[in-house]
>>> print(open('structure37.cif').read())   # mmCIF, C-alpha atoms
data_run
loop_
_atom_site.group_PDB
_atom_site.id
_atom_site.type_symbol
_atom_site.label_atom_id
_atom_site.label_comp_id
_atom_site.auth_asym_id
_atom_site.auth_seq_id
_atom_site.Cartn_x
_atom_site.Cartn_y
_atom_site.Cartn_z
ATOM 1 C CA MET A 1 -8.464 -5.991 -17.219
ATOM 2 C CA THR A 2 -9.247 -4.294 -20.539
ATOM 3 C CA GLY A 3 -5.589 -4.264 -21.572
ATOM 4 C CA VAL A 4 -5.867 -6.667 -24.480
ATOM 5 C CA LEU A 5 -8.843 -4.870 -26.009
ATOM 6 C CA ASP A 6 -8.071 -1.224 -25.247
ATOM 7 C CA GLN A 7 -5.301 1.383 -25.371
ATOM 8 C CA PRO A 8 -3.801 2.949 -22.260
ATOM 9 C CA LEU A 9 -5.021 6.358 -21.094
ATOM 10 C CA ALA A 10 -2.455 9.019 -22.057
ATOM 11 C CA ILE A 11 -2.516 12.395 -20.286
ATOM 12 C CA GLY A 12 0.192 15.022 -20.654
ATOM 13 C CA GLY A 13 2.748 12.499 -21.859
ATOM 14 C CA HIS A 14 2.018 10.056 -19.050
ATOM 15 C CA SER A 15 0.386 6.701 -19.724
ATOM 16 C CA PHE A 16 -2.018 4.925 -17.352
ATOM 17 C CA ARG A 17 -3.288 1.374 -17.756
ATOM 18 C CA SER A 18 -6.443 2.117 -15.769
ATOM 19 C CA ARG A 19 -9.043 4.597 -16.968
ATOM 20 C CA LEU A 20 -10.257 5.008 -13.400
ATOM 21 C CA ILE A 21 -8.723 7.724 -11.203
ATOM 22 C CA VAL A 22 -9.696 7.729 -7.530
ATOM 23 C CA GLY A 23 -9.615 10.220 -4.685
ATOM 24 C CA THR A 24 -8.233 9.590 -1.213
ATOM 25 C CA GLY A 25 -10.630 11.687 0.878
ATOM 26 C CA LYS A 26 -13.392 10.782 3.336
ATOM 27 C CA TYR A 27 -12.295 7.212 4.111
ATOM 28 C CA ARG A 28 -13.096 5.874 7.554
ATOM 29 C CA SER A 29 -9.545 4.578 7.956
ATOM 30 C CA ASN A 30 -6.273 4.680 6.077
ATOM 31 C CA ALA A 31 -6.235 0.878 5.879
ATOM 32 C CA THR A 32 -9.631 0.913 4.123
ATOM 33 C CA MET A 33 -8.433 3.645 1.772
ATOM 34 C CA ILE A 34 -5.370 1.652 0.746
ATOM 35 C CA ALA A 35 -7.382 -1.553 0.270
ATOM 36 C CA ALA A 36 -10.004 0.311 -1.784
ATOM 37 C CA ILE A 37 -7.411 1.959 -4.032
ATOM 38 C CA GLU A 38 -5.814 -1.431 -4.555
ATOM 39 C CA ALA A 39 -9.202 -2.977 -5.446
ATOM 40 C CA SER A 40 -10.006 -0.105 -7.840
ATOM 41 C CA GLY A 41 -6.956 -0.868 -9.960
ATOM 42 C CA ALA A 42 -6.286 2.887 -10.250
ATOM 43 C CA GLU A 43 -2.721 4.041 -10.797
ATOM 44 C CA CYS A 44 -3.468 7.730 -10.474
ATOM 45 C CA VAL A 45 -4.871 9.006 -7.169
ATOM 46 C CA THR A 46 -5.762 12.532 -6.112
ATOM 47 C CA VAL A 47 -4.572 14.245 -2.952
ATOM 48 C CA ALA A 48 -5.236 17.635 -1.345
ATOM 49 C CA VAL A 49 -2.843 20.202 0.130
ATOM 50 C CA ARG A 50 -3.589 21.331 3.666
ATOM 51 C CA ARG A 51 -1.872 22.774 6.724
ATOM 52 C CA VAL A 52 0.126 20.424 8.894
ATOM 53 C CA ASP A 53 -1.624 20.062 12.235
ATOM 54 C CA LEU A 54 1.093 21.310 14.576
ATOM 55 C CA ASP A 55 -0.409 19.613 17.617
ATOM 56 C CA ARG A 56 -0.789 16.163 16.037
ATOM 57 C CA THR A 57 1.929 15.856 13.464
ATOM 58 C CA LYS A 58 2.603 12.143 13.599
ATOM 59 C CA GLU A 59 1.245 9.823 10.907
ATOM 60 C CA GLU A 60 -1.156 12.410 9.615
ATOM 61 C CA GLY A 61 0.203 13.124 6.135
ATOM 62 C CA ILE A 62 -1.006 10.786 3.432
ATOM 63 C CA LEU A 63 2.541 9.966 2.318
ATOM 64 C CA HIS A 64 2.810 7.849 5.471
ATOM 65 C CA HIS A 65 0.257 5.536 3.884
ATOM 66 C CA LEU A 66 0.490 5.940 0.108
ATOM 67 C CA ASP A 67 3.652 4.904 -1.687
ATOM 68 C CA PRO A 68 4.459 7.567 -4.296
ATOM 69 C CA GLY A 69 6.575 4.969 -6.080
ATOM 70 C CA LYS A 70 3.462 2.873 -6.635
ATOM 71 C CA TYR A 71 0.818 5.520 -7.341
ATOM 72 C CA PHE A 72 0.870 8.666 -9.448
ATOM 73 C CA LEU A 73 -0.158 11.405 -7.004
ATOM 74 C CA LEU A 74 -2.318 14.085 -8.596
ATOM 75 C CA ALA A 75 -2.512 17.148 -6.331
ATOM 76 C CA ASN A 76 -5.759 19.092 -6.396
ATOM 77 C CA THR A 77 -6.696 22.674 -5.586
ATOM 78 C CA ALA A 78 -9.941 21.717 -3.861
ATOM 79 C CA GLY A 79 -11.341 24.390 -1.590
ATOM 80 C CA CYS A 80 -9.965 27.279 -3.664
ATOM 81 C CA TYR A 81 -12.458 29.985 -4.589
ATOM 82 C CA SER A 82 -10.290 32.242 -6.747
ATOM 83 C CA ALA A 83 -7.775 31.838 -9.549
ATOM 84 C CA ALA A 84 -5.006 33.335 -7.381
ATOM 85 C CA GLU A 85 -5.697 30.919 -4.533
ATOM 86 C CA ALA A 86 -5.806 27.938 -6.896
ATOM 87 C CA VAL A 87 -2.499 28.949 -8.497
ATOM 88 C CA ARG A 88 -0.947 29.230 -5.029
ATOM 89 C CA TYR A 89 -2.186 25.764 -4.046
ATOM 90 C CA ALA A 90 -1.050 24.263 -7.356
ATOM 91 C CA ARG A 91 2.476 25.518 -6.676
ATOM 92 C CA LEU A 92 2.411 24.186 -3.107
ATOM 93 C CA GLY A 93 1.248 20.833 -4.459
ATOM 94 C CA ARG A 94 4.016 20.726 -7.040
ATOM 95 C CA GLU A 95 6.577 21.416 -4.326
ATOM 96 C CA ALA A 96 5.068 18.778 -2.022
ATOM 97 C CA GLY A 97 4.761 16.224 -4.770
ATOM 98 C CA PHE A 98 6.505 14.402 -7.504
ATOM 99 C CA ASN A 99 5.188 15.783 -10.805
ATOM 100 C CA ASP A 100 3.901 18.938 -12.473
ATOM 101 C CA PHE A 101 0.315 17.718 -12.901
ATOM 102 C CA VAL A 102 -2.503 19.490 -11.112
ATOM 103 C CA LYS A 103 -6.195 18.758 -10.812
ATOM 104 C CA LEU A 104 -7.333 22.350 -11.022
ATOM 105 C CA GLU A 105 -10.476 23.349 -9.164
ATOM 106 C CA VAL A 106 -11.696 26.919 -8.840
ATOM 107 C CA ILE A 107 -14.986 26.667 -7.005
ATOM 108 C CA GLY A 108 -17.644 29.324 -7.532
ATOM 109 C CA ASP A 109 -20.409 28.373 -5.118
ATOM 110 C CA GLN A 110 -20.432 26.661 -1.728
ATOM 111 C CA GLU A 111 -23.783 24.946 -2.116
ATOM 112 C CA THR A 112 -23.271 23.293 -5.495
ATOM 113 C CA LEU A 113 -19.455 23.389 -5.628
ATOM 114 C CA PHE A 114 -19.884 24.309 -9.281
ATOM 115 C CA PRO A 115 -16.731 25.698 -10.869
ATOM 116 C CA ASP A 116 -16.105 29.401 -11.462
ATOM 117 C CA VAL A 117 -15.267 28.997 -15.134
ATOM 118 C CA ALA A 118 -13.807 32.498 -15.580
ATOM 119 C CA GLY A 119 -11.455 31.909 -12.642
ATOM 120 C CA LEU A 120 -10.711 28.409 -13.914
ATOM 121 C CA LEU A 121 -9.666 29.716 -17.305
ATOM 122 C CA ALA A 122 -7.495 32.462 -15.779
ATOM 123 C CA ALA A 123 -5.769 29.982 -13.459
ATOM 124 C CA THR A 124 -5.258 27.534 -16.340
ATOM 125 C CA ILE A 125 -3.518 30.163 -18.462
ATOM 126 C CA GLU A 126 -1.178 31.106 -15.598
ATOM 127 C CA LEU A 127 -0.358 27.507 -14.664
ATOM 128 C CA VAL A 128 0.211 26.334 -18.255
ATOM 129 C CA ALA A 129 2.660 29.238 -18.685
ATOM 130 C CA ASP A 130 4.393 28.039 -15.514
ATOM 131 C CA GLY A 131 4.882 24.541 -16.957
ATOM 132 C CA PHE A 132 2.006 22.730 -15.282
ATOM 133 C CA LYS A 133 0.030 19.899 -16.858
ATOM 134 C CA VAL A 134 -3.457 21.130 -16.017
ATOM 135 C CA LEU A 135 -6.425 18.777 -15.603
ATOM 136 C CA ALA A 136 -9.303 21.194 -15.205
ATOM 137 C CA TYR A 137 -12.437 20.310 -13.255
ATOM 138 C CA THR A 138 -15.246 22.073 -15.091
ATOM 139 C CA ASN A 139 -18.974 21.964 -15.682
ATOM 140 C CA ASP A 140 -20.560 20.152 -18.606
ATOM 141 C CA ASP A 141 -20.440 23.210 -20.872
ATOM 142 C CA LEU A 142 -18.924 22.691 -24.323
ATOM 143 C CA ILE A 143 -17.792 26.275 -24.827
ATOM 144 C CA THR A 144 -15.853 26.329 -21.556
ATOM 145 C CA ALA A 145 -14.347 22.946 -22.397
ATOM 146 C CA LEU A 146 -13.187 24.265 -25.780
ATOM 147 C CA LYS A 147 -11.656 27.348 -24.140
ATOM 148 C CA LEU A 148 -9.854 25.172 -21.591
ATOM 149 C CA GLU A 149 -8.421 23.035 -24.363
ATOM 150 C CA GLN A 150 -7.318 26.119 -26.245
ATOM 151 C CA ALA A 151 -5.665 27.437 -23.068
ATOM 152 C CA GLY A 152 -3.461 24.352 -23.011
ATOM 153 C CA CYS A 153 -5.117 21.932 -20.581
ATOM 154 C CA ALA A 154 -3.674 18.408 -20.616
ATOM 155 C CA ALA A 155 -7.182 17.094 -19.897
ATOM 156 C CA VAL A 156 -10.632 18.583 -19.438
ATOM 157 C CA MET A 157 -12.770 17.139 -16.646
ATOM 158 C CA PRO A 158 -16.478 17.916 -16.839
ATOM 159 C CA LEU A 159 -18.711 16.852 -13.982
ATOM 160 C CA ALA A 160 -21.372 14.155 -14.212
ATOM 161 C CA SER A 161 -23.259 15.900 -11.362
ATOM 162 C CA PRO A 162 -22.197 17.931 -8.288
ATOM 163 C CA ILE A 163 -19.187 16.799 -6.251
ATOM 164 C CA GLY A 164 -20.179 14.263 -3.612
ATOM 165 C CA SER A 165 -23.824 14.165 -4.727
ATOM 166 C CA GLY A 166 -23.941 10.629 -6.120
ATOM 167 C CA LEU A 167 -26.640 11.762 -8.576
ATOM 168 C CA GLY A 168 -24.966 10.041 -11.509
ATOM 169 C CA LEU A 169 -24.702 11.291 -15.086
ATOM 170 C CA LEU A 170 -27.246 14.108 -15.435
ATOM 171 C CA ASN A 171 -26.487 15.156 -18.995
ATOM 172 C CA PRO A 172 -25.101 12.423 -21.241
ATOM 173 C CA TYR A 173 -25.619 14.600 -24.315
ATOM 174 C CA SER A 174 -23.310 17.364 -23.010
ATOM 175 C CA ILE A 175 -20.603 14.909 -22.039
ATOM 176 C CA ARG A 176 -20.815 13.176 -25.425
ATOM 177 C CA THR A 177 -20.646 16.493 -27.247
ATOM 178 C CA ILE A 178 -17.602 17.624 -25.251
ATOM 179 C CA LYS A 179 -15.860 14.339 -25.983
ATOM 180 C CA THR A 180 -16.669 14.568 -29.683
ATOM 181 C CA ARG A 181 -15.365 18.110 -30.029
ATOM 182 C CA LEU A 182 -12.184 17.995 -27.933
ATOM 183 C CA THR A 183 -8.830 16.539 -28.887
ATOM 184 C CA VAL A 184 -7.334 16.351 -25.366
ATOM 185 C CA PRO A 185 -8.540 13.578 -23.041
ATOM 186 C CA VAL A 186 -11.947 14.092 -21.413
ATOM 187 C CA ILE A 187 -12.185 12.686 -17.893
ATOM 188 C CA VAL A 188 -15.569 12.845 -16.197
ATOM 189 C CA ASP A 189 -14.955 14.044 -12.651
ATOM 190 C CA ALA A 190 -17.500 13.980 -9.827
ATOM 191 C CA GLY A 191 -21.067 12.860 -9.313
ATOM 192 C CA VAL A 192 -21.184 9.106 -9.840
ATOM 193 C CA GLY A 193 -22.925 7.142 -7.103
ATOM 194 C CA THR A 194 -22.700 3.511 -8.076
ATOM 195 C CA ALA A 195 -21.265 1.161 -10.682
ATOM 196 C CA SER A 196 -24.005 1.652 -13.305
ATOM 197 C CA ASP A 197 -23.268 5.406 -13.253
ATOM 198 C CA ALA A 198 -19.598 4.757 -13.996
ATOM 199 C CA CYS A 199 -20.522 2.345 -16.768
ATOM 200 C CA LEU A 200 -22.925 4.837 -18.346
ATOM 201 C CA VAL A 201 -20.272 7.579 -18.171
ATOM 202 C CA MET A 202 -17.709 5.412 -19.954
ATOM 203 C CA GLU A 203 -20.294 4.364 -22.560
ATOM 204 C CA GLN A 204 -20.391 8.011 -23.696
ATOM 205 C CA GLY A 205 -16.895 7.492 -25.088
ATOM 206 C CA VAL A 206 -14.921 9.624 -22.612
ATOM 207 C CA ASP A 207 -11.315 8.743 -21.866
ATOM 208 C CA GLY A 208 -11.631 8.173 -18.160
ATOM 209 C CA ILE A 209 -13.470 8.813 -14.931
ATOM 210 C CA LEU A 210 -12.487 10.258 -11.566
ATOM 211 C CA MET A 211 -14.372 9.509 -8.375
ATOM 212 C CA ASN A 212 -13.981 9.635 -4.612
ATOM 213 C CA THR A 213 -17.177 9.710 -2.568
ATOM 214 C CA ALA A 214 -18.941 6.870 -4.402
ATOM 215 C CA ILE A 215 -16.212 4.535 -3.171
ATOM 216 C CA ALA A 216 -15.296 6.133 0.165
ATOM 217 C CA GLU A 217 -18.887 6.415 1.373
ATOM 218 C CA ALA A 218 -20.093 3.020 0.193
ATOM 219 C CA GLU A 219 -20.959 0.669 3.030
ATOM 220 C CA ASP A 220 -18.059 -1.491 1.894
ATOM 221 C CA PRO A 221 -15.598 0.756 0.040
ATOM 222 C CA VAL A 222 -13.308 -2.089 -1.005
ATOM 223 C CA VAL A 223 -16.101 -4.045 -2.692
ATOM 224 C CA MET A 224 -17.447 -0.863 -4.325
ATOM 225 C CA ALA A 225 -13.951 -0.078 -5.608
ATOM 226 C CA ALA A 226 -13.842 -3.522 -7.225
ATOM 227 C CA ALA A 227 -17.286 -2.851 -8.748
ATOM 228 C CA MET A 228 -16.142 0.534 -10.103
ATOM 229 C CA ARG A 229 -13.073 -1.036 -11.651
ATOM 230 C CA ARG A 230 -15.234 -3.495 -13.555
ATOM 231 C CA ALA A 231 -17.923 -0.938 -14.430
ATOM 232 C CA THR A 232 -15.329 1.467 -15.850
ATOM 233 C CA ALA A 233 -13.822 -1.311 -17.943
ATOM 234 C CA ALA A 234 -17.241 -2.616 -19.020
ATOM 235 C CA GLY A 235 -18.461 0.831 -20.090
ATOM 236 C CA ARG A 236 -15.279 1.453 -22.015
ATOM 237 C CA LEU A 237 -15.484 -1.871 -23.845
ATOM 238 C CA ALA A 238 -19.182 -1.335 -24.619
ATOM 239 C CA PHE A 239 -18.296 2.022 -26.164
ATOM 240 C CA LEU A 240 -15.490 0.494 -28.223
ATOM 241 C CA ALA A 241 -17.742 -2.373 -29.274
ATOM 242 C CA GLY A 242 -20.418 0.021 -30.559
ATOM 243 C CA ARG A 243 -23.916 -0.637 -29.312
ATOM 244 C CA MET A 244 -26.772 -1.961 -31.437
ATOM 245 C CA PRO A 245 -29.358 0.541 -32.669
ATOM 246 C CA ARG A 246 -32.344 1.321 -30.471
ATOM 247 C CA ARG A 247 -35.663 0.118 -31.955
ATOM 248 C CA GLU A 248 -39.202 0.862 -30.920
ATOM 249 C CA ILE A 249 -40.376 -2.637 -31.937
ATOM 250 C CA ALA A 250 -39.395 -6.144 -30.927
ATOM 251 C CA PHE A 251 -37.315 -8.266 -33.251
ATOM 252 C CA PRO A 252 -37.095 -12.012 -32.572
ATOM 253 C CA SER A 253 -33.737 -13.476 -31.650
ATOM 254 C CA SER A 254 -34.697 -16.986 -32.777
ATOM 255 C CA PRO A 255 -35.552 -18.039 -36.364
ATOM 256 C CA THR A 256 -39.149 -17.378 -37.380
ATOM 257 C CA LYS A 257 -38.948 -20.207 -39.929
ATOM 258 C CA GLY A 258 -38.748 -23.921 -39.164
ATOM 259 C CA MET A 259 -41.317 -24.052 -36.399
ATOM 260 C CA ALA A 260 -42.728 -27.590 -35.971
ATOM 261 C CA GLY A 261 -46.138 -27.862 -37.627
ATOM 262 C CA MET B 262 11.765 35.135 17.836
ATOM 263 C CA ASP B 263 8.038 35.523 17.173
ATOM 264 C CA LEU B 264 6.498 33.867 14.124
ATOM 265 C CA ILE B 265 3.013 33.225 12.812
ATOM 266 C CA VAL B 266 3.010 29.520 11.964
ATOM 267 C CA ASN B 267 -0.115 28.197 10.243
ATOM 268 C CA GLY B 268 -2.032 31.155 11.573
ATOM 269 C CA GLU B 269 -0.888 30.727 15.201
ATOM 270 C CA ALA B 270 1.504 33.031 17.066
ATOM 271 C CA ARG B 271 4.522 31.013 18.169
ATOM 272 C CA ARG B 272 7.586 32.134 20.146
ATOM 273 C CA PHE B 273 10.989 30.485 19.766
ATOM 274 C CA GLU B 274 14.010 30.966 22.003
ATOM 275 C CA ARG B 275 16.418 31.787 19.196
ATOM 276 C CA ALA B 276 16.462 32.944 15.592
ATOM 277 C CA LEU B 277 15.787 30.009 13.292
ATOM 278 C CA THR B 278 16.266 29.093 9.666
ATOM 279 C CA ALA B 279 13.327 27.473 7.861
ATOM 280 C CA GLY B 280 15.090 24.126 8.183
ATOM 281 C CA GLU B 281 15.604 24.617 11.912
ATOM 282 C CA LEU B 282 11.928 25.502 12.337
ATOM 283 C CA LEU B 283 10.940 22.147 10.818
ATOM 284 C CA ALA B 284 13.394 20.357 13.129
ATOM 285 C CA GLU B 285 12.046 22.285 16.123
ATOM 286 C CA LEU B 286 8.506 21.165 15.231
ATOM 287 C CA GLU B 287 9.693 17.603 14.486
ATOM 288 C CA LEU B 288 8.487 17.755 10.881
ATOM 289 C CA ASP B 289 10.016 15.798 8.007
ATOM 290 C CA PRO B 290 11.307 18.253 5.372
ATOM 291 C CA ARG B 291 10.676 15.657 2.647
ATOM 292 C CA ALA B 292 6.938 15.601 3.396
ATOM 293 C CA VAL B 293 6.281 19.248 4.292
ATOM 294 C CA VAL B 294 6.369 22.376 2.150
ATOM 295 C CA VAL B 295 7.379 25.690 3.733
ATOM 296 C CA GLU B 296 5.808 28.884 2.456
ATOM 297 C CA LEU B 297 7.400 32.033 3.892
ATOM 298 C CA ASN B 298 5.388 35.242 3.517
ATOM 299 C CA ARG B 299 3.562 33.685 0.544
ATOM 300 C CA ARG B 300 6.777 32.544 -1.192
ATOM 301 C CA ILE B 301 7.632 28.848 -1.411
ATOM 302 C CA VAL B 302 10.980 27.939 0.140
ATOM 303 C CA ARG B 303 12.511 25.199 -2.002
ATOM 304 C CA ARG B 304 13.888 22.198 -0.109
ATOM 305 C CA TYR B 305 17.478 23.048 -0.964
ATOM 306 C CA GLU B 306 16.958 26.591 0.386
ATOM 307 C CA LEU B 307 15.623 25.515 3.801
ATOM 308 C CA GLY B 308 19.005 25.583 5.570
ATOM 309 C CA GLU B 309 20.010 28.998 4.299
ATOM 310 C CA THR B 310 16.638 30.737 4.679
ATOM 311 C CA GLN B 311 16.806 32.830 7.844
ATOM 312 C CA LEU B 312 13.448 33.662 9.435
ATOM 313 C CA ASP B 313 12.709 37.117 10.828
ATOM 314 C CA ASP B 314 10.471 38.314 13.638
ATOM 315 C CA GLY B 315 6.879 38.583 12.461
ATOM 316 C CA ASP B 316 7.315 36.270 9.485
ATOM 317 C CA CYS B 317 4.244 34.340 8.372
ATOM 318 C CA VAL B 318 5.046 30.709 7.767
ATOM 319 C CA GLU B 319 2.672 28.160 6.268
ATOM 320 C CA LEU B 320 3.567 24.482 6.627
ATOM 321 C CA VAL B 321 1.519 22.240 4.343
ATOM 322 C CA HIS B 322 1.501 18.639 3.211
ATOM 323 C CA PHE B 323 -0.639 16.155 1.282
ATOM 324 C CA VAL B 324 -3.809 14.861 2.901
ATOM 325 C CA GLY B 325 -6.647 12.734 1.566
ATOM 326 C CA GLY B 326 -8.765 14.504 -1.039
ATOM 327 C CA GLY B 327 -10.778 13.986 -4.182
#
>>> encode(input="structure37.cif", output="C-alpha cells")
Amino acid sequence: MTGVLDQPLAIGGHSFRSRLIVGTGKYRSNATMIAAIEASGAECVTVAVRRVDLDRTKEEGILHHLDPGKYFLLANTAGCYSAAEAVRYARLGREAGFNDFVKLEVIGDQETLFPDVAGLLAATIELVADGFKVLAYTNDDLITALKLEQAGCAAVMPLASPIGSGLGLLNPYSIRTIKTRLTVPVIVDAGVGTASDACLVMEQGVDGILMNTAIAEAEDPVVMAAAMRRATAAGRLAFLAGRMPRREIAFPSSPTKGMAG
Amino acid sequence: MDLIVNGEARRFERALTAGELLAELELDPRAVVVELNRRIVRRYELGETQLDDGDCVELVHFVGGG
C-alpha cells in the first residue's frame, strides 16, 4: 500500500514489504485468525512454542493452518522468566521452524509482563553467539536499547504499553529517542489498542510495529486488521512527509486580501 | 519402557527410538520437536536416538502466540 512511497522493512538481512507484524494468539477461531492476518497485510507473524497436547493431537499445531511458505514465522519465547529458559525456548523454536530469527522475551513480572532487562541482555548475548537473529522485546528505556544493539540484536522492540493492555503509546518521547539513537530497526511491540495508536506509533519514526491483542480481541478482528494495516501505513507516510509545525495561534488557510467590500 | 513425556509418566511395551515414540503417539516429525533430557534431538537423529528407561522427553510445536 505504501510501496511506491516507502522502502521495505529490512531486519537481519530479510526484507518485508509490510511494516506491520502480527501475532497469532487469542483468536476465537483459526479461520478468523487466517482472515485477519490476510487483511493485515503482514508477511511476518509470531508464533509460540508449547507442549503438544498428547490427548488431542490432531489439528492443534498452528502449522496446520498457517502456510510457512506464505508467511515468515517468527518464534517467540513468551512465558519465559529467565535467560536460560528463553535460550532453551529459542532453540526449540529454531528447530521447529524455518529460520534463525527469534522474538526474545524474558519476562520479569507477572502482573505487568515487563521485561527483565538483565536477563534479556544475557540471553541476547548467548543467542547472538549461537547465530540467532535476535529481535528483543524490551521496555522503553534508551540505555537498555543501546546495550541490546551493542550486544548484536537484529532489531530492538520497545513496548508502547504493557502486553495486552491496549493502553496505546504511553511515552512517545522515549520511543522517539530510542529510534533516533539506534542504528538497527526499532519495532514497537505491545500495547496498542486501536488504529490511532498504531498511527501515532508509526508517526514517531520507528521502523515497524508488532501487535496481537488489538486485532484478536476486537469485536471484528478482520476489520480491525484492515484498519491496522492502513493506520500503520498512514503513520509511516505522515512521518516521511514531515508534519507541519505546531502553533499556539490560528493562521488562516484562505487569503486575507481580496475580500469583497 | 517407562518415560516421562511432557511431564506425564507413560509406559510403552518395548524400547523405542525417538522416531518410534513419535509414530507411537501419531505425531508428525516435521511439525514436532523432540527434546530428550533437555537436549534437542535433530530431525535426522530421530531414528537412531534410542530412548532409555526414565528418560524425560518434551514434545513441542508451534501454537498461536504474540
>>> interface_residues(input="structure37.cif", of="chain B", to="chain A", cutoff="7 Å", atoms="all atoms listed in the file", output="VMD selection string")
chain B and resid 267 292 to 294 320 to 327
>>> atom_distance(input="structure37.cif", atom1="atom CA of A:Gly242", atom2="atom CA of A:Arg17")
21.4 Å
>>> atom_distance(input="structure37.cif", atom1="atom CA of B:Leu282", atom2="atom CA of B:Arg299")
16.6 Å
>>> atom_distance(input="structure37.cif", atom1="atom CA of B:Thr278", atom2="atom CA of B:Glu309")
6.5 Å
>>> resolve_selection(input="structure37.cif", expression="the PyMOL selection byres ((chain A and resi 43) around 9)", output="list in words")
Phe16, Arg17, Ser18, Arg19, Leu20, Ile21, Val22, Ile37, Glu38, Ser40, Gly41, Ala42, Cys44, Val45, Lys70, Tyr71, Phe72 and Leu73 of chain A
>>> residues_around(input="structure37.cif", residues="A:Gly205", least_positions_apart="2", cutoff="8 Å", atoms="only C-alpha atoms", output="VMD selection string")
chain A and resid 176 179 201 to 203 207 236 239 to 240
>>> closest_residue(input="structure37.cif", among="A:Ala10, A:Ala198, A:Ala123, A:Ala160", to="A:Met224", atoms="all atoms listed in the file")
A:Ala198
>>> residues_near_point(input="structure37.cif", point="(-15.5, 26.9, -18.9)", cutoff="6 Å", atoms="all atoms listed in the file", output="PDB file with C-alpha atoms, in the frame of the given file")
ATOM      1  CA  VAL A 117     -15.267  28.997 -15.134  1.00  0.00           C
ATOM      2  CA  THR A 144     -15.853  26.329 -21.556  1.00  0.00           C
ATOM      3  CA  ALA A 145     -14.347  22.946 -22.397  1.00  0.00           C
TER       4      ALA A 145
END
>>> closest_residue(input="structure37.cif", among="A:Ala118, A:Glu85, A:Ala39, A:Leu148", to="A:Ala227", atoms="only C-alpha atoms")
A:Ala39
>>> closest_residue(input="structure37.cif", among="B:Arg271, B:Ala279, B:Ala284, B:Asn298", to="B:Cys317", atoms="only C-alpha atoms")
B:Asn298
